[in-house]
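Undergrad: My structure is below; once you've seen it, I'll send some questions.
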Amino acid sequence: RWPALHLLQVASSRQAPPAVAPKIDTYVINLDDRHDRCQCMASQLDAAPQAVYRQPAVPEDACPQLATPFRDFKDAYDNGVDIGKRKVDNRTAQRSLLCTNYQVWQRAKDSDADFVVILEDDAILGESFWAAVTDFVSSCNGFDYVAVDTLEIDPVFHGGFALGFAHPDAERSQACADAGYTELFQSPFSSENMSRLHAGTHCQIIRRSYLSQMVEVAESNMALPMDTWWNLFLKSG
């Protein structure tokens with residue numbers, strides 16, 4: 001099984017809906033003071049076939065369970081310390097996003113859902129989004145975690161040079177090719193190879209049974225911006 005992948009396409013060659021639809025719970029991350037985005041997401045999610053929950057965005061300090069507090073890295077970054085050849089971004093939004101996702105994982109891991117969709121509140125959903133998601137999770141057994149439509153960047157060159165939405169064939173995964181999903185890619189990003197990062201977590205699809213492992217990984221590894229974190233740490237399991 002390929003646990004962490006990037007999905008470029010959200011449609012497959014399958015036409016028939018599954019006989020029994022899997023249970024998909026959706027969580028929308030939303031700042032308390034962004035009522036406009038909450039209303040926009042609510043209007044888009046009227047068509048959601050199953051439960052939708054709002055997850056308030058929280059500051060980094062809301063996650064004391066994380067093994068390495070964000071503030072340690074913020075202080076090191078502010079003081080110009082190079083941490084493991086990576087400097088941790090000290091922007092509040094990035095530091096809080098992993099914490100907020102972590103709270104979703106804790107909230108959802110013991111639910112009865114088969115899959116969890118996590119949306120950031122600036123996501124724009126296409127008309128066939130839910131049909132595509134349902135088909136994907138019903139027909140693809142080879143994933144635990146997927147980030148949808150990420151942008152490939154070089155985070156080293158000028159702090160984040162965009163390489164585009166296309167991904168090289170070397171990153172292509174065959175995990176779900178037999179189900180018609182040929183545009184799945186596995187990130188090559190690692191502590192040894194930092195030249196290509198799959199950036200953006202505006203839409204994530206996660207097998208609910210994998211959430212407990214994600215919680216364990218989060219509590220055992222360095223806290224980073226969400227997309228950097230999954231690129232580094234969701235490589236096996």
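Chain labels run A, B, ... following the order of the structure tokens; each chain numbers its residues from 1, and ligands are numbered from 1 in the order shown.
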Tell me which protein, DNA and RNA residues are within 7 Å of Val28 (chain A), counting only C-alpha atoms, leaving out same-chain ones fewer than 5 positions away, and put them as JSON, numbers by chain.
TA: {"A": [53, 54, 55, 118, 119, 120, 121]}
Undergrad: Could you save the residues just selected, with all heavy atoms, as a short mmCIF file (atom, residue, chain, number, x, y, z; two decimals), in the first residue's frame?
TA:
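As a result, again_3.cif now contains:
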data_model
loop_
_atom_site.label_atom_id
_atom_site.label_comp_id
_atom_site.auth_asym_id
_atom_site.auth_seq_id
_atom_site.Cartn_x
_atom_site.Cartn_y
_atom_site.Cartn_z
N TYR A 53 -18.74 18.84 9.37
CA TYR A 53 -18.46 19.44 10.66
C TYR A 53 -17.51 20.63 10.47
O TYR A 53 -16.59 20.57 9.66
CB TYR A 53 -17.79 18.44 11.61
CG TYR A 53 -18.58 17.17 11.81
CD1 TYR A 53 -18.29 16.04 11.04
CD2 TYR A 53 -19.60 17.10 12.75
CE1 TYR A 53 -19.01 14.86 11.21
CE2 TYR A 53 -20.32 15.92 12.93
CZ TYR A 53 -20.02 14.81 12.16
OH TYR A 53 -20.74 13.65 12.32
N ARG A 54 -17.74 21.67 11.23
CA ARG A 54 -16.81 22.80 11.24
C ARG A 54 -15.76 22.55 12.30
O ARG A 54 -16.08 22.19 13.44
CB ARG A 54 -17.55 24.11 11.54
CG ARG A 54 -16.62 25.31 11.63
CD ARG A 54 -17.36 26.61 11.94
NE ARG A 54 -16.42 27.71 12.11
CZ ARG A 54 -15.85 28.04 13.28
NH1 ARG A 54 -16.15 27.36 14.38
NH2 ARG A 54 -14.99 29.04 13.34
N GLN A 55 -14.48 22.75 11.93
CA GLN A 55 -13.38 22.65 12.88
C GLN A 55 -12.76 24.03 13.05
O GLN A 55 -12.14 24.55 12.12
CB GLN A 55 -12.31 21.68 12.38
CG GLN A 55 -11.05 21.65 13.23
CD GLN A 55 -11.30 21.17 14.64
OE1 GLN A 55 -12.02 20.21 14.85
NE2 GLN A 55 -10.71 21.85 15.62
N ILE A 118 -10.87 16.52 4.72
CA ILE A 118 -10.56 17.76 5.42
C ILE A 118 -10.40 18.86 4.39
O ILE A 118 -9.58 18.75 3.47
CB ILE A 118 -9.29 17.64 6.28
CG1 ILE A 118 -9.43 16.51 7.29
CG2 ILE A 118 -9.01 18.96 7.00
CD1 ILE A 118 -8.18 16.27 8.14
N LEU A 119 -11.19 19.91 4.53
CA LEU A 119 -11.16 21.04 3.60
C LEU A 119 -10.73 22.31 4.32
O LEU A 119 -11.19 22.56 5.45
CB LEU A 119 -12.55 21.27 2.98
CG LEU A 119 -13.14 20.14 2.14
CD1 LEU A 119 -14.60 20.45 1.82
CD2 LEU A 119 -12.33 19.94 0.87
N GLU A 120 -9.86 23.08 3.71
CA GLU A 120 -9.61 24.43 4.19
C GLU A 120 -10.70 25.34 3.64
O GLU A 120 -11.31 25.05 2.60
CB GLU A 120 -8.21 24.88 3.76
CG GLU A 120 -7.12 24.04 4.41
CD GLU A 120 -5.72 24.38 3.95
OE1 GLU A 120 -5.55 25.39 3.23
OE2 GLU A 120 -4.78 23.63 4.28
N ASP A 121 -10.97 26.43 4.33
CA ASP A 121 -12.18 27.19 4.02
C ASP A 121 -12.08 28.09 2.79
O ASP A 121 -13.00 28.84 2.49
CB ASP A 121 -12.63 28.01 5.23
CG ASP A 121 -11.61 29.06 5.67
OD1 ASP A 121 -10.59 29.25 4.97
OD2 ASP A 121 -11.84 29.69 6.71
#
Undergrad: Can you pull out every residue within 10 Å of region 103-106 of chain A, counting only C-alpha atoms, but drop anything in the same chain fewer than 5 positions away, and send it as number ranges by chain?
TA: A: 26-29, 53-58, 62-63, 97-98, 111, 116, 118, 206, 208, 210-215
Undergrad: Quick one: distance from CA of Glu219 (chain A) to CA of Asn231 (chain A) in Å, one decimal?
TA: 16.2 Å
Undergrad: Counting only C-alpha atoms, which of A:Leu31, A:Cys38, A:Cys99, A:Cys140 gets nearest to Trp229 (chain A)?
TA: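 Of all the options, A:Cys99 lies closest to Trp229 (chain A).
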Undergrad: In Å, with one decimal, what is the gap from CA of Gly142 (chain A) to CA of Ala175 (chain A)?
TA: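 These atoms are spaced 5.1 Å apart.
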Undergrad: Tell me, in Å to one decimal, how far CA of Ala47 (chain A) is from CA of Asn141 (chain A).
TA: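 Spanning CA of Ala47 (chain A) to CA of Asn141 (chain A) is a straight-line distance of 25.3 Å.
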